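Structure data (PDB, C-alpha atoms, pLDDT in the B column) from final-v2.pdb:
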ATOM      1  CA  MET L   1     -18.323  19.944 -27.199  1.00 91.00           C
ATOM      2  CA  VAL L   2     -15.716  17.212 -27.570  1.00 93.00           C
ATOM      3  CA  ILE L   3     -11.953  17.759 -27.741  1.00 94.00           C
ATOM      4  CA  ASP L   4      -9.724  14.735 -28.282  1.00 94.00           C
ATOM      5  CA  THR L   5      -5.925  15.049 -28.567  1.00 93.00           C
ATOM      6  CA  LYS L   6      -5.463  11.446 -29.653  1.00 93.00           C
ATOM      7  CA  GLU L   7      -3.686  12.283 -32.918  1.00 94.00           C
ATOM      8  CA  ILE L   8      -0.971  14.577 -31.542  1.00 94.00           C
ATOM      9  CA  SER L   9      -0.587  12.395 -28.438  1.00 92.00           C
ATOM     10  CA  SER L  10      -0.008   9.328 -30.599  1.00 93.00           C
ATOM     11  CA  ARG L  11       2.626  11.204 -32.591  1.00 94.00           C
ATOM     12  CA  ILE L  12       4.445  12.260 -29.432  1.00 91.00           C
ATOM     13  CA  LYS L  13       4.416   8.749 -27.947  1.00 90.00           C
ATOM     14  CA  LEU L  14       5.462   7.127 -31.249  1.00 92.00           C
ATOM     15  CA  GLY L  15       8.232   9.703 -31.736  1.00 91.00           C
ATOM     16  CA  TYR L  16       9.495   9.030 -28.241  1.00 89.00           C
ATOM     17  CA  MET L  17       9.614   5.278 -28.867  1.00 89.00           C
ATOM     18  CA  LEU L  18      11.315   5.723 -32.253  1.00 93.00           C
ATOM     19  CA  VAL L  19      14.002   7.944 -30.728  1.00 90.00           C
ATOM     20  CA  VAL L  20      14.696   5.298 -28.071  1.00 90.00           C
ATOM     21  CA  LEU L  21      14.861   2.568 -30.723  1.00 93.00           C
ATOM     22  CA  VAL L  22      17.231   4.552 -32.964  1.00 92.00           C
ATOM     23  CA  LEU L  23      19.421   5.432 -29.986  1.00 91.00           C
ATOM     24  CA  VAL L  24      19.735   1.793 -28.948  1.00 91.00           C
ATOM     25  CA  ILE L  25      20.528   0.694 -32.517  1.00 92.00           C
ATOM     26  CA  VAL L  26      23.182   3.393 -33.006  1.00 89.00           C
ATOM     27  CA  VAL L  27      24.843   2.724 -29.651  1.00 87.00           C
ATOM     28  CA  VAL L  28      24.882  -1.069 -30.117  1.00 89.00           C
ATOM     29  CA  LEU L  29      26.204  -0.842 -33.674  1.00 89.00           C
ATOM     30  CA  ASP L  30      28.861   1.660 -32.625  1.00 86.00           C
ATOM     31  CA  LEU L  31      29.950  -0.612 -29.781  1.00 84.00           C
ATOM     32  CA  ILE L  32      30.182  -3.576 -32.184  1.00 86.00           C
ATOM     33  CA  TYR L  33      31.825  -1.885 -35.171  1.00 85.00           C
ATOM     34  CA  THR L  34      33.587   1.046 -33.430  1.00 80.00           C
ATOM     35  CA  TRP L  35      32.733   3.648 -36.084  1.00 77.00           C
ATOM     36  CA  VAL L  36      34.128   6.556 -34.073  1.00 78.00           C
ATOM     37  CA  PRO L  37      37.135   6.248 -31.740  1.00 81.00           C
ATOM     38  CA  ASN L  38      36.644   6.723 -27.986  1.00 82.00           C
ATOM     39  CA  HIS L  39      32.858   6.201 -28.357  1.00 81.00           C
ATOM     40  CA  ILE L  40      32.214   9.892 -28.995  1.00 86.00           C
ATOM     41  CA  LEU L  41      29.136   9.021 -31.078  1.00 85.00           C
ATOM     42  CA  ASP L  42      27.656   7.118 -28.126  1.00 86.00           C
ATOM     43  CA  TYR L  43      28.171  10.059 -25.783  1.00 89.00           C
ATOM     44  CA  VAL L  44      26.644  12.520 -28.261  1.00 89.00           C
ATOM     45  CA  CYS L  45      23.593  10.293 -28.831  1.00 88.00           C
ATOM     46  CA  ILE L  46      23.061   9.765 -25.123  1.00 90.00           C
ATOM     47  CA  GLY L  47      23.492  13.500 -24.451  1.00 93.00           C
ATOM     48  CA  LEU L  48      20.876  14.348 -27.091  1.00 90.00           C
ATOM     49  CA  PHE L  49      18.545  11.746 -25.606  1.00 89.00           C
ATOM     50  CA  VAL L  50      18.958  13.219 -22.118  1.00 92.00           C
ATOM     51  CA  LEU L  51      18.131  16.677 -23.514  1.00 92.00           C
ATOM     52  CA  LEU L  52      15.024  15.277 -25.218  1.00 88.00           C
ATOM     53  CA  VAL L  53      13.871  13.570 -22.022  1.00 87.00           C
ATOM     54  CA  ALA L  54      14.455  16.779 -20.056  1.00 88.00           C
ATOM     55  CA  TYR L  55      12.416  18.784 -22.577  1.00 88.00           C
ATOM     56  CA  LEU L  56       9.531  16.295 -22.600  1.00 86.00           C
ATOM     57  CA  SER L  57       9.600  16.105 -18.807  1.00 85.00           C
ATOM     58  CA  ALA L  58       9.423  19.887 -18.608  1.00 86.00           C
ATOM     59  CA  LYS L  59       6.445  19.960 -20.988  1.00 87.00           C
ATOM     60  CA  LYS L  60       4.726  17.084 -19.124  1.00 88.00           C
ATOM     61  CA  PHE L  61       2.485  16.125 -22.036  1.00 92.00           C
ATOM     62  CA  ASN L  62      -0.865  14.442 -21.356  1.00 92.00           C
ATOM     63  CA  TYR L  63      -3.363  12.806 -23.665  1.00 94.00           C
ATOM     64  CA  ILE L  64      -6.591  14.729 -23.053  1.00 95.00           C
ATOM     65  CA  TYR L  65     -10.209  13.890 -23.830  1.00 96.00           C
ATOM     66  CA  TYR L  66     -12.736  16.586 -22.950  1.00 95.00           C
ATOM     67  CA  ASN L  67     -16.503  16.169 -23.323  1.00 95.00           C
ATOM     68  CA  SER L  68     -19.131  18.603 -22.081  1.00 93.00           C
ATOM     69  CA  ASP L  69     -22.154  17.060 -23.803  1.00 91.00           C
ATOM     70  CA  GLY L  70     -24.733  15.798 -21.339  1.00 89.00           C
ATOM     71  CA  PHE L  71     -25.164  16.540 -17.657  1.00 92.00           C
ATOM     72  CA  LYS L  72     -21.488  16.123 -16.719  1.00 94.00           C
ATOM     73  CA  ILE L  73     -18.155  17.539 -17.761  1.00 94.00           C
ATOM     74  CA  ILE L  74     -15.851  14.616 -18.501  1.00 95.00           C
ATOM     75  CA  LEU L  75     -12.094  15.114 -18.597  1.00 95.00           C
ATOM     76  CA  LYS L  76      -9.848  12.090 -19.146  1.00 96.00           C
ATOM     77  CA  TYR L  77      -6.082  12.421 -19.156  1.00 95.00           C
ATOM     78  CA  THR L  78      -3.083  10.109 -19.320  1.00 94.00           C
ATOM     79  CA  SER L  79       0.577  11.038 -19.051  1.00 91.00           C
ATOM     80  CA  LEU L  80       2.703  10.482 -22.161  1.00 90.00           C
ATOM     81  CA  SER L  81       6.046  10.235 -20.368  1.00 84.00           C
ATOM     82  CA  LEU L  82       8.049   7.025 -20.416  1.00 77.00           C
ATOM     83  CA  PHE L  83       7.785   5.899 -16.811  1.00 75.00           C
ATOM     84  CA  SER L  84       4.323   7.077 -15.831  1.00 77.00           C
ATOM     85  CA  ALA L  85       1.294   4.934 -15.297  1.00 76.00           C
ATOM     86  CA  GLY L  86      -2.345   5.551 -14.752  1.00 81.00           C
ATOM     87  CA  ASN L  87      -5.388   6.878 -16.492  1.00 90.00           C
ATOM     88  CA  PHE L  88      -7.286   9.610 -14.730  1.00 94.00           C
ATOM     89  CA  LYS L  89     -10.874  10.714 -15.219  1.00 95.00           C
ATOM     90  CA  LEU L  90     -12.799  13.653 -13.802  1.00 94.00           C
ATOM     91  CA  GLU L  91     -16.590  13.639 -13.969  1.00 95.00           C
ATOM     92  CA  ILE L  92     -18.016  16.907 -12.743  1.00 94.00           C
ATOM     93  CA  PRO L  93     -21.753  17.649 -12.710  1.00 94.00           C
ATOM     94  CA  LYS L  94     -22.330  20.908 -14.577  1.00 93.00           C
ATOM     95  CA  LYS L  95     -24.252  22.364 -11.636  1.00 92.00           C
ATOM     96  CA  ASP L  96     -21.184  21.898  -9.380  1.00 92.00           C
ATOM     97  CA  PHE L  97     -18.645  23.452 -11.770  1.00 93.00           C
ATOM     98  CA  VAL L  98     -17.277  26.746 -10.430  1.00 93.00           C
ATOM     99  CA  GLY L  99     -14.442  27.680 -12.793  1.00 92.00           C
ATOM    100  CA  ILE L 100     -11.143  26.905 -14.431  1.00 93.00           C
ATOM    101  CA  GLU L 101      -7.823  28.679 -14.201  1.00 93.00           C
ATOM    102  CA  VAL L 102      -4.970  28.279 -16.684  1.00 93.00           C
ATOM    103  CA  LYS L 103      -1.432  28.868 -15.426  1.00 92.00           C
ATOM    104  CA  LYS L 104       1.973  28.771 -17.069  1.00 90.00           C
ATOM    105  CA  SER L 105       4.768  27.066 -15.182  1.00 83.00           C
ATOM    106  CA  CYS L 106       8.275  25.682 -15.684  1.00 76.00           C
ATOM    107  CA  LEU L 107       9.620  28.839 -17.362  1.00 79.00           C
ATOM    108  CA  GLY L 108       6.445  29.195 -19.427  1.00 79.00           C
ATOM    109  CA  MET L 109       6.903  25.819 -21.120  1.00 84.00           C
ATOM    110  CA  ARG L 110       4.062  24.016 -19.360  1.00 89.00           C
ATOM    111  CA  THR L 111       0.407  25.055 -19.416  1.00 92.00           C
ATOM    112  CA  MET L 112      -1.561  23.816 -16.418  1.00 94.00           C
ATOM    113  CA  ALA L 113      -5.326  23.896 -15.868  1.00 94.00           C
ATOM    114  CA  VAL L 114      -6.806  24.002 -12.372  1.00 95.00           C
ATOM    115  CA  ILE L 115     -10.505  23.129 -12.092  1.00 94.00           C
ATOM    116  CA  TYR L 116     -12.666  24.409  -9.245  1.00 94.00           C
ATOM    117  CA  VAL L 117     -15.866  22.657  -8.131  1.00 95.00           C
ATOM    118  CA  ARG L 118     -18.562  23.231  -5.549  1.00 93.00           C
ATOM    119  CA  THR L 119     -18.521  20.757  -2.657  1.00 93.00           C
ATOM    120  CA  PRO L 120     -20.597  20.508   0.533  1.00 93.00           C
ATOM    121  CA  ASN L 121     -17.654  22.048   2.417  1.00 93.00           C
ATOM    122  CA  GLY L 122     -17.147  24.965   0.019  1.00 93.00           C
ATOM    123  CA  THR L 123     -15.108  25.290  -3.135  1.00 94.00           C
ATOM    124  CA  GLY L 124     -12.596  22.575  -3.914  1.00 94.00           C
ATOM    125  CA  LYS L 125      -9.912  22.414  -6.534  1.00 92.00           C
ATOM    126  CA  PHE L 126      -8.419  19.498  -8.397  1.00 93.00           C
ATOM    127  CA  LYS L 127      -4.691  19.076  -8.799  1.00 93.00           C
ATOM    128  CA  PRO L 128      -3.291  20.902 -11.855  1.00 93.00           C
ATOM    129  CA  ILE L 129      -3.581  19.075 -15.176  1.00 93.00           C
ATOM    130  CA  SER L 130      -1.028  19.726 -17.908  1.00 92.00           C
ATOM    131  CA  VAL L 131      -2.777  20.823 -21.108  1.00 93.00           C
ATOM    132  CA  SER L 132       0.453  21.562 -22.991  1.00 92.00           C
ATOM    133  CA  VAL L 133      -0.444  19.112 -25.753  1.00 93.00           C
ATOM    134  CA  MET L 134      -3.548  21.117 -26.696  1.00 93.00           C
ATOM    135  CA  SER L 135      -3.252  23.732 -29.405  1.00 92.00           C
ATOM    136  CA  GLN L 136      -4.012  27.318 -28.510  1.00 92.00           C
ATOM    137  CA  ASN L 137      -7.251  27.096 -30.492  1.00 94.00           C
ATOM    138  CA  GLU L 138      -8.407  23.951 -28.671  1.00 93.00           C
ATOM    139  CA  LEU L 139      -7.561  25.491 -25.318  1.00 93.00           C
ATOM    140  CA  GLN L 140      -9.532  28.645 -26.145  1.00 94.00           C
ATOM    141  CA  GLU L 141     -12.523  26.559 -27.280  1.00 93.00           C
ATOM    142  CA  MET L 142     -12.445  24.546 -24.056  1.00 93.00           C
ATOM    143  CA  MET L 143     -12.126  27.695 -21.938  1.00 92.00           C
ATOM    144  CA  SER L 144     -15.042  29.424 -23.694  1.00 93.00           C
ATOM    145  CA  ASP L 145     -17.180  26.293 -23.388  1.00 92.00           C
ATOM    146  CA  LEU L 146     -16.424  26.042 -19.658  1.00 92.00           C
ATOM    147  CA  ASP L 147     -17.107  29.764 -19.206  1.00 91.00           C
ATOM    148  CA  SER L 148     -20.542  29.304 -20.790  1.00 91.00           C
ATOM    149  CA  ILE L 149     -21.229  26.395 -18.405  1.00 88.00           C
ATOM    150  CA  LYS L 150     -20.116  28.447 -15.414  1.00 77.00           C
ATOM    151  CA  ARG L 151     -22.801  31.091 -15.941  1.00 61.00           C
TER     152      ARG L 151
END

What do you get writing this file as structure tokens?
Amino acid sequence: MVIDTKEISSRIKLGYMLVVLVLVIVVVLDLIYTWVPNHILDYVCIGLFVLLVAYLSAKKFNYIYYNSDGFKIILKYTSLSLFSAGNFKLEIPKKDFVGIEVKKSCLGMRTMAVIYVRTPNGTGKFKPISVSVMSQNELQEMMSDLDSIKR
């Protein structure tokens, strides 16, 4: 099974960049032409931008590629926030997969997945991965696929 959130992730990243571009244009034009006295428009635009950044930071969106075809479970993820860097990839042999746990955090806004694997020293867990960008249907499909692998 393959799940790829490229389309929604691209929309989120493009929307983020367009909001930044529009904000910069509005603020620069307002500073040049002084449309509103006392720069109230600038403050409102910047306040709305700060709220948007806070919301997106709380959601902590990641681009996610999940593939369970073959002998390994492959999970690639990349953060969609402005100042993050790095692409991460988990390759887990199906025989070593123990389970997955989905948790809600940040007042129920963020959905996190914790993956457990078998290691020579016992059971290990990976750091939580935000799967907030996935639809409920995609998340259920991934969970049922991983549950069938676990058995």

- Task: Measuring atom to atom with all atoms listed in the file, identify which of L:Leu90, L:Val36, L:Met17, L:Met112 is nearest to Ala58 (chain L).
- Result: L:Met112

- Run through the PyMOL selection byres ((chain L and resi 9) around 9) on the given coordinates and return the selected residues as an MDAnalysis selection string. chainID L and resid 5:8 10:14 61:64 80 133

- Query: Leu82 (chain L): which residues within 10 Å, counting only C-alpha atoms, same-chain residues fewer than 2 positions away excluded, as number ranges by chain?
  - Reply: L: 13, 16-17, 53, 56-57, 79-80, 84-85

Report as a PDB file with C-alpha atoms, in the frame of the given file the residues that result from applying the PyMOL selection byres ((chain L and resi 2) around 8) to the structure here.
ATOM      1  CA  MET L   1     -18.323  19.944 -27.199  1.00 91.00           C
ATOM      2  CA  ILE L   3     -11.953  17.759 -27.741  1.00 94.00           C
ATOM      3  CA  ASP L   4      -9.724  14.735 -28.282  1.00 94.00           C
ATOM      4  CA  TYR L  65     -10.209  13.890 -23.830  1.00 96.00           C
ATOM      5  CA  TYR L  66     -12.736  16.586 -22.950  1.00 95.00           C
ATOM      6  CA  ASN L  67     -16.503  16.169 -23.323  1.00 95.00           C
ATOM      7  CA  SER L  68     -19.131  18.603 -22.081  1.00 93.00           C
ATOM      8  CA  ASP L  69     -22.154  17.060 -23.803  1.00 91.00           C
TER       9      ASP L  69
END

- Task: Tell me which of L:Trp35, L:Arg110, L:Lys95, L:Ile115 sits closest to Lys60 (chain L), counting all atoms listed in the file.
- Result: L:Arg110

Written as a short mmCIF file (atom, residue, chain, number, x, y, z; two decimals) with C-alpha atoms, in the frame of the given file, what is the full residue list that the PyMOL selection byres ((chain L and resi 22-29) around 8) yields on the file shown?
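Generated output (result19.cif):
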data_model
loop_
_atom_site.label_atom_id
_atom_site.label_comp_id
_atom_site.auth_asym_id
_atom_site.auth_seq_id
_atom_site.Cartn_x
_atom_site.Cartn_y
_atom_site.Cartn_z
CA LEU L 18 11.32 5.72 -32.25
CA VAL L 19 14.00 7.94 -30.73
CA VAL L 20 14.70 5.30 -28.07
CA LEU L 21 14.86 2.57 -30.72
CA ASP L 30 28.86 1.66 -32.62
CA LEU L 31 29.95 -0.61 -29.78
CA ILE L 32 30.18 -3.58 -32.18
CA TYR L 33 31.82 -1.88 -35.17
CA THR L 34 33.59 1.05 -33.43
CA LEU L 41 29.14 9.02 -31.08
CA ASP L 42 27.66 7.12 -28.13
CA CYS L 45 23.59 10.29 -28.83
CA ILE L 46 23.06 9.76 -25.12
CA PHE L 49 18.55 11.75 -25.61
#

Could region 30-41 of chain L be completed with all heavy atoms and returned as a JSON list (two decimals), keeping the file's coordinate frame?
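part.json, freshly written:
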[["chain", "number", "residue", "atom", "x", "y", "z"],
["L", 30, "ASP", "N", 27.58, 0.98, -32.85],
["L", 30, "ASP", "CA", 28.86, 1.66, -32.62],
["L", 30, "ASP", "C", 29.75, 0.86, -31.67],
["L", 30, "ASP", "O", 30.97, 0.83, -31.84],
["L", 30, "ASP", "CB", 28.64, 3.07, -32.08],
["L", 30, "ASP", "CG", 29.94, 3.85, -32.01],
["L", 30, "ASP", "OD1", 30.68, 3.86, -33.03],
["L", 30, "ASP", "OD2", 30.23, 4.44, -30.96],
["L", 31, "LEU", "N", 29.15, 0.23, -30.68],
["L", 31, "LEU", "CA", 29.95, -0.61, -29.78],
["L", 31, "LEU", "C", 30.50, -1.84, -30.50],
["L", 31, "LEU", "O", 31.60, -2.29, -30.22],
["L", 31, "LEU", "CB", 29.12, -1.03, -28.56],
["L", 31, "LEU", "CG", 28.80, 0.07, -27.56],
["L", 31, "LEU", "CD1", 27.84, -0.44, -26.50],
["L", 31, "LEU", "CD2", 30.06, 0.63, -26.93],
["L", 32, "ILE", "N", 29.73, -2.39, -31.45],
["L", 32, "ILE", "CA", 30.18, -3.58, -32.18],
["L", 32, "ILE", "C", 31.24, -3.22, -33.22],
["L", 32, "ILE", "O", 32.29, -3.84, -33.30],
["L", 32, "ILE", "CB", 28.98, -4.28, -32.86],
["L", 32, "ILE", "CG1", 28.07, -4.89, -31.80],
["L", 32, "ILE", "CG2", 29.45, -5.36, -33.83],
["L", 32, "ILE", "CD1", 26.76, -5.43, -32.35],
["L", 33, "TYR", "N", 30.95, -2.20, -34.04],
["L", 33, "TYR", "CA", 31.82, -1.88, -35.17],
["L", 33, "TYR", "C", 32.81, -0.75, -34.91],
["L", 33, "TYR", "O", 33.66, -0.48, -35.73],
["L", 33, "TYR", "CB", 30.98, -1.54, -36.40],
["L", 33, "TYR", "CG", 30.17, -2.71, -36.88],
["L", 33, "TYR", "CD1", 28.78, -2.68, -36.81],
["L", 33, "TYR", "CD2", 30.79, -3.85, -37.38],
["L", 33, "TYR", "CE1", 28.03, -3.76, -37.25],
["L", 33, "TYR", "CE2", 30.04, -4.93, -37.82],
["L", 33, "TYR", "CZ", 28.66, -4.87, -37.75],
["L", 33, "TYR", "OH", 27.92, -5.93, -38.18],
["L", 34, "THR", "N", 32.70, -0.05, -33.83],
["L", 34, "THR", "CA", 33.59, 1.05, -33.43],
["L", 34, "THR", "C", 33.79, 2.03, -34.59],
["L", 34, "THR", "O", 34.87, 2.20, -35.12],
["L", 34, "THR", "CB", 34.95, 0.52, -32.93],
["L", 34, "THR", "OG1", 34.74, -0.61, -32.09],
["L", 34, "THR", "CG2", 35.68, 1.58, -32.14],
["L", 35, "TRP", "N", 32.69, 2.68, -34.99],
["L", 35, "TRP", "CA", 32.73, 3.65, -36.08],
["L", 35, "TRP", "C", 33.58, 4.87, -35.73],
["L", 35, "TRP", "O", 34.32, 5.39, -36.54],
["L", 35, "TRP", "CB", 31.33, 4.12, -36.44],
["L", 35, "TRP", "CG", 30.47, 3.07, -37.08],
["L", 35, "TRP", "CD1", 30.88, 2.05, -37.89],
["L", 35, "TRP", "CD2", 29.07, 2.93, -36.94],
["L", 35, "TRP", "NE1", 29.82, 1.30, -38.27],
["L", 35, "TRP", "CE2", 28.67, 1.82, -37.72],
["L", 35, "TRP", "CE3", 28.09, 3.63, -36.27],
["L", 35, "TRP", "CZ2", 27.37, 1.41, -37.83],
["L", 35, "TRP", "CZ3", 26.78, 3.22, -36.38],
["L", 35, "TRP", "CH2", 26.43, 2.12, -37.15],
["L", 36, "VAL", "N", 33.43, 5.35, -34.51],
["L", 36, "VAL", "CA", 34.13, 6.56, -34.07],
["L", 36, "VAL", "C", 35.00, 6.18, -32.88],
["L", 36, "VAL", "O", 34.55, 5.50, -31.96],
["L", 36, "VAL", "CB", 33.11, 7.64, -33.67],
["L", 36, "VAL", "CG1", 33.81, 8.91, -33.22],
["L", 36, "VAL", "CG2", 32.16, 7.94, -34.82],
["L", 37, "PRO", "N", 36.26, 6.60, -32.88],
["L", 37, "PRO", "CA", 37.14, 6.25, -31.74],
["L", 37, "PRO", "C", 36.65, 6.90, -30.44],
["L", 37, "PRO", "O", 36.03, 7.95, -30.44],
["L", 37, "PRO", "CB", 38.51, 6.79, -32.16],
["L", 37, "PRO", "CG", 38.23, 7.80, -33.21],
["L", 37, "PRO", "CD", 36.96, 7.40, -33.88],
["L", 38, "ASN", "N", 36.96, 6.26, -29.35],
["L", 38, "ASN", "CA", 36.64, 6.72, -27.99],
["L", 38, "ASN", "C", 35.14, 6.85, -27.73],
["L", 38, "ASN", "O", 34.73, 7.56, -26.82],
["L", 38, "ASN", "CB", 37.33, 8.06, -27.69],
["L", 38, "ASN", "CG", 38.83, 7.93, -27.71],
["L", 38, "ASN", "OD1", 39.38, 6.88, -27.38],
["L", 38, "ASN", "ND2", 39.51, 8.98, -28.12],
["L", 39, "HIS", "N", 34.32, 6.24, -28.54],
["L", 39, "HIS", "CA", 32.86, 6.20, -28.36],
["L", 39, "HIS", "C", 32.23, 7.59, -28.26],
["L", 39, "HIS", "O", 31.27, 7.79, -27.52],
["L", 39, "HIS", "CB", 32.49, 5.37, -27.13],
["L", 39, "HIS", "CG", 33.04, 3.99, -27.17],
["L", 39, "HIS", "ND1", 32.57, 3.03, -28.03],
["L", 39, "HIS", "CD2", 34.06, 3.40, -26.47],
["L", 39, "HIS", "CE1", 33.24, 1.92, -27.86],
["L", 39, "HIS", "NE2", 34.15, 2.10, -26.93],
["L", 40, "ILE", "N", 32.76, 8.53, -29.02],
["L", 40, "ILE", "CA", 32.21, 9.89, -29.00],
["L", 40, "ILE", "C", 30.78, 9.91, -29.52],
["L", 40, "ILE", "O", 29.93, 10.63, -28.99],
["L", 40, "ILE", "CB", 33.11, 10.84, -29.81],
["L", 40, "ILE", "CG1", 34.47, 10.96, -29.13],
["L", 40, "ILE", "CG2", 32.47, 12.21, -29.97],
["L", 40, "ILE", "CD1", 35.49, 11.73, -29.93],
["L", 41, "LEU", "N", 30.49, 9.10, -30.53],
["L", 41, "LEU", "CA", 29.14, 9.02, -31.08],
["L", 41, "LEU", "C", 28.14, 8.56, -30.02],
["L", 41, "LEU", "O", 27.02, 9.08, -29.93],
["L", 41, "LEU", "CB", 29.10, 8.08, -32.29],
["L", 41, "LEU", "CG", 27.76, 7.91, -32.99],
["L", 41, "LEU", "CD1", 27.30, 9.23, -33.57],
["L", 41, "LEU", "CD2", 27.84, 6.85, -34.06]]
